[in-house]
Amino acid sequence: MRKDGTRSGESLQALPKAEVHVHLEGCFESATLESWARQAGVPMPRPHERLFSFESLADMLEFLDWACGLASTRDRLAELAYGFCRRLAADGTGYADLIINPKHWAPWQGRTRELIEALDAGFTAAAQDGLPPVGLCVSLLRTQSSDEAVELVENLIAWRHPRVVALSVDGNEAAAGRTGPRFAEAFRRAAAAGLRRTVHAGESSGPEGVRDAVELLGADRIDHGVRAVEDDRVVALLAERGIPLGVCPTSNLTLKLYPSIEAHPIDRLRKAGVRVSVNTDDPSLLATNLPAEYELAAAAFGWSDEIMRDVARTSIDASFANADVKAHLKSALADWQS
Ligand code: ADE
Ligand code: ZN
């Protein structure tokens, strides 16, 4: 802690933590995209200075489709996976559950298993070089059909790839309407096969989306979930069941959920007994990193070291890391000093 009461960037880098809400689709470097687009003879969608400027979630999701379309080879996927682990190390993040949504990756349609294997090669090489471990959360898109969802889950169950830790659902709930019932069967099958479940809700849906995530999809964890704050009964449901939220402050500000960090509900939720962690969502596209997200919340809400430690502990407990990784991170966390 500095004399003026603020924490240095280095002390937040050194805070032992996990990240539980981050998309590989949100980790492209602009230089990589420019190089791949040039090689493919594909025009850039907008000028360099505005490449990562988004008006809305729909706008950002459309960009993801374009960017992922350039990742056309196994080597490029492995390079992205390795680069993601480098990013974790730079942030001082000891483990991440990384969301990957096969629907965004046009060159890999019908080849999800190969997509997972190519990424796995990058994560394995990174771990061999001492970089942090990663579990994959394979995601459905909210606009997919119930049959497509069941097909993906049946494949994940048949493949049993050790890198895959969870089923996820992301995308734009505002465009898809209420889709909890549509995905209930896929999530039921995932649970029965021992896959963990993480659900985007309470970002482009209101508190009713969060309730559906809990009651219809059996979510172990909710990505965002912040709009639960609009219904006290949903807040109580999360608190009573101990269902953690993977909150992404900068993402919510950039995509215009809240006008300022002071208006963001993360601290109200935490004080109401909801387990919250801090995350980046799409760090490269949103020009953020994990220490910066902790710094933003801590400065806005005056979080003490003990609160920082609690939030970091929630990130580790809420992750789908194995017991050894969790124990190692929690012991390092007990020794952390800002
Ligand atoms: N995919 C990538 N980022 C997302 C977000 N913030 N919400 C829903 N789907 C996403
Ligand atoms: Zn997300």
# chains A, B, ... in the order shown; residues from 1 in each chain; ligands from 1
>>> residues_around(residues="A:Arg7", least_positions_apart="5", cutoff="10 Å", atoms="only C-alpha atoms", output="ChimeraX atom specification")
/A:1-2,12,294-295,298-299,304-305,338
>>> residues_near_ligand(ligand="ligand 1", cutoff="8 Å", atoms="only C-alpha atoms and all ligand atoms", output="short mmCIF file (atom, residue, chain, number, x, y, z; two decimals) with N, CA and C atoms, in the first residue's frame")
data_model
loop_
_atom_site.label_atom_id
_atom_site.label_comp_id
_atom_site.auth_asym_id
_atom_site.auth_seq_id
_atom_site.Cartn_x
_atom_site.Cartn_y
_atom_site.Cartn_z
N VAL A 22 -13.29 -14.89 -18.92
CA VAL A 22 -12.48 -14.28 -19.99
C VAL A 22 -12.65 -15.14 -21.23
N HIS A 23 -12.80 -14.46 -22.39
CA HIS A 23 -13.05 -15.15 -23.67
C HIS A 23 -11.79 -15.12 -24.52
N GLU A 25 -11.86 -15.21 -27.57
CA GLU A 25 -12.25 -14.33 -28.69
C GLU A 25 -11.96 -12.86 -28.38
N GLY A 26 -11.76 -12.55 -27.11
CA GLY A 26 -11.51 -11.16 -26.71
C GLY A 26 -10.04 -10.88 -26.46
N LEU A 57 -22.89 -4.59 -27.25
CA LEU A 57 -22.52 -6.01 -27.24
C LEU A 57 -22.68 -6.61 -28.63
N MET A 60 -19.80 -5.74 -30.78
CA MET A 60 -18.58 -6.48 -30.41
C MET A 60 -18.65 -7.94 -30.87
N LEU A 61 -19.82 -8.54 -30.73
CA LEU A 61 -19.95 -9.96 -31.13
C LEU A 61 -19.74 -10.12 -32.64
N LEU A 64 -16.10 -10.11 -33.28
CA LEU A 64 -15.47 -11.39 -32.91
C LEU A 64 -15.55 -12.39 -34.05
N ASN A 101 -16.01 -20.06 -27.74
CA ASN A 101 -17.31 -20.34 -28.35
C ASN A 101 -17.09 -20.78 -29.81
N LEU A 141 -23.81 -20.49 -28.09
CA LEU A 141 -24.24 -19.11 -28.33
C LEU A 141 -25.74 -19.04 -28.03
N ASP A 170 -22.91 -18.11 -23.88
CA ASP A 170 -22.68 -16.67 -23.92
C ASP A 170 -23.44 -16.08 -25.10
N GLY A 171 -23.09 -14.87 -25.51
CA GLY A 171 -23.80 -14.22 -26.62
C GLY A 171 -24.84 -13.24 -26.10
N ASN A 172 -25.70 -12.83 -27.01
CA ASN A 172 -26.60 -11.71 -26.74
C ASN A 172 -28.00 -12.19 -26.37
N GLU A 173 -28.32 -12.12 -25.08
CA GLU A 173 -29.65 -12.55 -24.64
C GLU A 173 -30.74 -11.59 -25.11
N HIS A 200 -23.64 -17.03 -18.99
CA HIS A 200 -23.78 -15.58 -19.11
C HIS A 200 -25.24 -15.20 -18.85
N GLU A 203 -26.54 -9.59 -17.95
CA GLU A 203 -25.79 -8.56 -18.68
C GLU A 203 -26.75 -8.03 -19.75
N SER A 204 -27.00 -8.89 -20.78
CA SER A 204 -27.99 -8.51 -21.79
C SER A 204 -29.38 -9.06 -21.44
N HIS A 224 -21.03 -12.33 -15.43
CA HIS A 224 -21.69 -11.03 -15.20
C HIS A 224 -22.68 -11.20 -14.03
N SER A 251 -15.91 -4.02 -18.86
CA SER A 251 -16.80 -4.49 -19.92
C SER A 251 -18.19 -3.86 -19.75
N ASN A 252 -18.69 -3.86 -18.52
CA ASN A 252 -20.02 -3.32 -18.27
C ASN A 252 -20.09 -1.81 -18.52
N ASP A 281 -13.25 -10.20 -19.05
CA ASP A 281 -14.18 -10.50 -20.15
C ASP A 281 -13.44 -10.62 -21.49
N ASP A 282 -13.08 -9.47 -22.08
CA ASP A 282 -12.43 -9.45 -23.40
C ASP A 282 -11.27 -8.45 -23.33
#
>>> atom_distance(atom1="atom CA of A:Arg160", atom2="atom CA of A:Asp220")
19.4 Å
>>> atom_distance(atom1="atom CA of A:Leu269", atom2="atom CA of A:Ala219")
17.8 Å
>>> closest_residue(among="A:Leu98, A:Ala40, A:His104, A:Leu51", to="A:Asp65", atoms="only C-alpha atoms")
A:His104
>>> select_by_dssp(residues="stretch 150-316 of chain A", states="alpha helix (DSSP H)", output="JSON, numbers by chain")
{"A": [150, 151, 152, 153, 154, 155, 156, 157, 158, 159, 173, 174, 175, 176, 180, 181, 182, 183, 184, 185, 186, 187, 188, 189, 190, 191, 192, 207, 208, 209, 210, 211, 212, 213, 214, 215, 232, 233, 234, 235, 236, 237, 238, 239, 240, 241, 249, 250, 251, 252, 253, 254, 266, 267, 268, 269, 270, 271, 290, 291, 292, 293, 294, 295, 296, 297, 298, 299, 300, 301, 305, 306, 307, 308, 309, 310, 311, 312, 313, 314, 315, 316]}
>>> closest_residue(among="A:Ala96, A:Leu131, A:Leu152, A:Ala213", to="A:Gln109", atoms="only C-alpha atoms")
A:Leu152
>>> residues_around(residues="A:Ala118", least_positions_apart="2", cutoff="12 Å", atoms="only C-alpha atoms", output="number ranges by chain")
A: 71-82, 108, 111-116, 120-125, 163
